[in-house]
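A short worksheet on the structure shown next.
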Amino acid sequence: MTPARPLGNVPERPRAVLFDLDGTLIDSAPDLRASINILLRQYELGSLSLERVRGMIGNGIKMLVERAFDSCGHPLVGEELDAGYAAMLDIYSGHLTTFTRPMPGARAAIRLLHAKGFRMGVVTNKQQAATERILDHFALTPFLGAVIGGSPGMNPKPAPDMLLRALDRLGVEPGDAVMVGDSGIDVEAAHNAGLPAVIVLNGYMRSSEEAAKAAVTIASLEECPAAVGAIWMFGRERLPQLARPQRPTRD
Ligand SMILES: O=C(O)COP(=O)(O)O
C-alpha cells in the first residue's frame, strides 16, 4: 500500500470509518466452524475444515448453513433450511467467543482512529444480538457510535442500507466516510453507499478479483490508520491512483 504517513489533524467536519466484522475486526471462523460442524453431526454429515468454512462466511449465517449443507451433498431448502438456520443460531449463540479473537491490529487501529477524532461504526451481516455480544466481549463497544447487524427488515450488504443507517447514527455524510472490509461484498456495499473501500487482505476473501475495485488494499489492520489517513490526504478524486490490488493470502 501507500507509504505509512501520520494521520492529519483532527478534521473540522466529523469523519467516519465503518468496519465490517467477520474477517475484518474479528477472526470468527473457528467458532463458526465448530458450530456448523456440531449441526452437521446432528444430520450425520461429515465435518468441514477451517479453510472451507472461511470461504462460506460473509453473506450471513443462513447462507453459511446453505453452503455448508450443499458442500456435504445434502442441500437444505425451504422449511428444512429454516430449521437448520434456527438450529445453527442456537448452537452459535453458545460459541460466540470461545475461539474467536480480534484480527491483528484491530484494537490498536480502533484506538488510534478514535484518538484522532474519527467516528466509527460496525456494519455486518451477522445478527445484531450476536454482534453486540462479541463487540462487548472484546471491549470494542465504547469506541463505536453505531453497530448495525442483521435484523428483520434490514437489507444485508451489499445493499447500502446498513452503511447509510450507521452513518445516519454517526451524524456523518457518505462523502466524509470510508468502509473497511475484507470482501467483494464490502466493496460493493461501500460503492452502493457512495463510500471508498479499504480492503484488508488477511480476512476471508474468496478471490483476488474481490479486492480489485477497492480504493486501497492493506495487508492487515495494522496498516488501517495510515490507509484511512492517506485517503483524506490524497483526496477522494485521486483514489484510483491509490489502488494497489495484491493477491490475498488465501484464494
Ligand atoms: O456472514 C456473516 O455472518 C457476517 O459477515 P460480515 O461480518 O463479513 O458481514
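Identifiers in this document derive from the order of the C-alpha cells: chains are assigned A, B, ..., residues are numbered from 1 separately in each chain, and ligands are numbered from 1 in order of occurrence.
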
List every residue of chain A that has an atom at most 6 Å from any atom of ligand 1, and for each one report the closest atom pair and its distance in Å to one decimal, counting only C-alpha atoms and all ligand atoms, with rows sorted by chain and then by increasing residue number, as a Markdown table.
```
| residue | atom | partner | partner_atom_place_in_ligand_line | distance |
| --- | --- | --- | --- | --- |
| A:Asp20 | CA | ligand 1 | 7 (O) | 5.1 |
| A:Leu21 | CA | ligand 1 | 7 (O) | 3.8 |
| A:Asp22 | CA | ligand 1 | 7 (O) | 3.7 |
| A:Ile57 | CA | ligand 1 | 1 (O) | 4.5 |
| A:Gly58 | CA | ligand 1 | 1 (O) | 3.2 |
| A:Asn59 | CA | ligand 1 | 1 (O) | 4.2 |
| A:Gly60 | CA | ligand 1 | 1 (O) | 3.4 |
| A:Ile61 | CA | ligand 1 | 3 (O) | 4.6 |
| A:Thr124 | CA | ligand 1 | 9 (O) | 3.5 |
| A:Asn125 | CA | ligand 1 | 9 (O) | 3.8 |
| A:Lys126 | CA | ligand 1 | 3 (O) | 3.8 |
```

Exercise. Name the residues of region 78-227 of chain A that fall into helix (DSSP H, G or I) according to DSSP on the backbone, using the chain letters and numbers of this document, as number ranges by chain.
Key: A: 78-93, 106-115, 128-137, 141-143, 161-170, 174-176, 184-193, 209-212, 221-227

Quiz prompt | Nearby residues (only C-alpha atoms) at most 7 Å from Pro196 (chain A), same-chain spacing under 4 positions excluded, as a ChimeraX atom specification | solution = /A:178-179,190-191,215

Using the selection just defined, write its residues with N, CA and C atoms as a CSV table (one decimal), in the first residue's frame.
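Final output, saved to part-v1.csv:
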```csv
chain,number,residue,atom,x,y,z
A,178,VAL,N,-15.3,6.3,5.1
A,178,VAL,CA,-14.8,5.1,4.3
A,178,VAL,C,-15.3,3.8,5.0
A,179,MET,N,-15.3,2.8,4.2
A,179,MET,CA,-15.6,1.5,4.6
A,179,MET,C,-14.4,0.6,4.6
A,190,ALA,N,-20.0,-0.6,-0.1
A,190,ALA,CA,-19.3,0.7,0.1
A,190,ALA,C,-19.7,1.6,-1.1
A,191,HIS,N,-19.5,1.0,-2.3
A,191,HIS,CA,-19.8,1.8,-3.5
A,191,HIS,C,-21.3,2.1,-3.7
A,215,ALA,N,-10.4,1.0,-3.2
A,215,ALA,CA,-9.6,2.2,-3.4
A,215,ALA,C,-8.2,1.9,-2.9
```

Under the rule of at most 8 Å, produce a per-residue listing of region 90-145 of chain A near region 156-173 of chain A: chain, number, name, the closest pair of atoms, and the distance in Å, as a Markdown table, using only C-alpha atoms.
```
| residue | atom | partner | partner_atom | distance |
| --- | --- | --- | --- | --- |
| A:Arg119 | CA | A:Leu170 | CA | 6.6 |
| A:Met120 | CA | A:Leu170 | CA | 7.5 |
| A:Gly121 | CA | A:Ala166 | CA | 6.3 |
| A:Val122 | CA | A:Ala166 | CA | 7.7 |
| A:Val123 | CA | A:Met162 | CA | 6.0 |
| A:Thr124 | CA | A:Lys157 | CA | 7.5 |
| A:Asn125 | CA | A:Pro156 | CA | 5.8 |
| A:Gly145 | CA | A:Leu170 | CA | 5.9 |
```

Quiz item: To one decimal place, how far is CA of Thr97 (chain A) from CA of Gly84 (chain A) in Å?
Solution: 21.3 Å

Practice problem: Assign secondary structure with DSSP using the backbone only, and return the residues of region 79-216 of chain A in strand (DSSP E or B) as a ChimeraX atom specification. | Solution: /A:101-102,119-127,146-150,177-181,197-200,216

Can you build me a table of region 40-83 of chain A residues sitting at most 10 Å from region 201-212 of chain A, with the closest atom pair per residue and its distance in Å to one decimal, using only C-alpha atoms, sorted by chain and residue number, as a Markdown table?
```
| residue | atom | partner | partner_atom | distance |
| --- | --- | --- | --- | --- |
| A:Glu51 | CA | A:Tyr204 | CA | 9.1 |
| A:Val53 | CA | A:Tyr204 | CA | 9.4 |
| A:Arg54 | CA | A:Tyr204 | CA | 5.7 |
| A:Gly55 | CA | A:Arg206 | CA | 5.9 |
| A:Met56 | CA | A:Tyr204 | CA | 8.5 |
| A:Ile57 | CA | A:Tyr204 | CA | 7.2 |
| A:Gly58 | CA | A:Tyr204 | CA | 8.0 |
```

Once you have the residues from the selection above, write them out as a PDB file, in the first residue's frame, restricted to N, CA, C and O atoms.
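What ended up in result.pdb:
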```pdb
ATOM      1  N   GLU A  51     -10.553 -23.862   6.470  1.00  0.00           N
ATOM      2  CA  GLU A  51     -10.424 -23.177   5.171  1.00  0.00           C
ATOM      3  C   GLU A  51     -11.756 -23.136   4.426  1.00  0.00           C
ATOM      4  O   GLU A  51     -12.123 -22.124   3.847  1.00  0.00           O
ATOM      5  N   VAL A  53     -14.797 -23.417   5.671  1.00  0.00           N
ATOM      6  CA  VAL A  53     -15.794 -22.571   6.354  1.00  0.00           C
ATOM      7  C   VAL A  53     -15.470 -21.098   6.121  1.00  0.00           C
ATOM      8  O   VAL A  53     -16.378 -20.295   5.874  1.00  0.00           O
ATOM      9  N   ARG A  54     -14.197 -20.742   6.162  1.00  0.00           N
ATOM     10  CA  ARG A  54     -13.808 -19.341   5.893  1.00  0.00           C
ATOM     11  C   ARG A  54     -14.389 -18.855   4.577  1.00  0.00           C
ATOM     12  O   ARG A  54     -14.848 -17.722   4.467  1.00  0.00           O
ATOM     13  N   GLY A  55     -14.350 -19.714   3.564  1.00  0.00           N
ATOM     14  CA  GLY A  55     -14.846 -19.336   2.234  1.00  0.00           C
ATOM     15  C   GLY A  55     -16.360 -19.248   2.156  1.00  0.00           C
ATOM     16  O   GLY A  55     -16.893 -18.878   1.119  1.00  0.00           O
ATOM     17  N   MET A  56     -17.048 -19.617   3.233  1.00  0.00           N
ATOM     18  CA  MET A  56     -18.516 -19.595   3.222  1.00  0.00           C
ATOM     19  C   MET A  56     -19.088 -18.431   4.020  1.00  0.00           C
ATOM     20  O   MET A  56     -20.300 -18.253   4.105  1.00  0.00           O
ATOM     21  N   ILE A  57     -18.221 -17.638   4.660  1.00  0.00           N
ATOM     22  CA  ILE A  57     -18.663 -16.556   5.544  1.00  0.00           C
ATOM     23  C   ILE A  57     -18.802 -15.253   4.765  1.00  0.00           C
ATOM     24  O   ILE A  57     -18.018 -14.993   3.850  1.00  0.00           O
ATOM     25  N   GLY A  58     -19.774 -14.442   5.143  1.00  0.00           N
ATOM     26  CA  GLY A  58     -19.864 -13.084   4.581  1.00  0.00           C
ATOM     27  C   GLY A  58     -21.257 -12.687   4.136  1.00  0.00           C
ATOM     28  O   GLY A  58     -21.558 -11.516   4.039  1.00  0.00           O
TER      29      GLY A  58
END
```

Quiz item: In Å, how far is it from CA of Leu96 (chain A) to CA of Gly153 (chain A)?
Solution: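 Value for the CA of Leu96 (chain A)-CA of Gly153 (chain A) distance: 23.7 Å.
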
Exercise. Skip Asp31 (chain A) itself and residues of its chain fewer than 5 positions away, then list as a PyMOL selection string all residues within 10 Å of it, counting only C-alpha atoms.
Key: chain A and resi 36-37+50+92-101

Keeping only C-alpha atoms, take the residues you just selected and write them out as a short mmCIF file (atom, residue, chain, number, x, y, z; two decimals), in the first residue's frame.
```cif
data_model
loop_
_atom_site.label_atom_id
_atom_site.label_comp_id
_atom_site.auth_asym_id
_atom_site.auth_seq_id
_atom_site.Cartn_x
_atom_site.Cartn_y
_atom_site.Cartn_z
CA ILE A 36 -21.57 -25.69 11.85
CA ASN A 37 -19.77 -28.98 12.48
CA LEU A 50 -11.45 -24.19 8.70
CA TYR A 92 -23.53 -20.49 17.62
CA SER A 93 -25.02 -18.35 20.41
CA GLY A 94 -23.14 -20.64 22.82
CA HIS A 95 -19.87 -20.33 20.86
CA LEU A 96 -19.57 -16.65 20.03
CA THR A 97 -16.22 -16.04 21.67
CA THR A 98 -14.78 -19.46 22.53
CA PHE A 99 -12.14 -19.42 19.78
CA THR A 100 -12.87 -16.03 18.19
CA ARG A 101 -10.12 -13.41 18.51
#
```

Practice problem: Provide the CA of Gly150 (chain A) to CA of Gln128 (chain A) distance in Å, to one decimal place. | Solution: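 Result for CA of Gly150 (chain A) versus CA of Gln128 (chain A): 5.3 Å, one decimal.
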
Quiz item: Which of these residues is nearest to Leu195 (chain A), using only C-alpha atoms: A:Gly181, A:Pro102, A:Gly78, A:Gly117?
Solution: A:Gly181

Quiz item: Which residue, A:Gly46, A:Gly23, A:Gly105, A:Pro14, has the smallest gap to Ser220 (chain A) when you use only C-alpha atoms?
Solution: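 Result for the nearest residue to Ser220 (chain A): A:Gly105.
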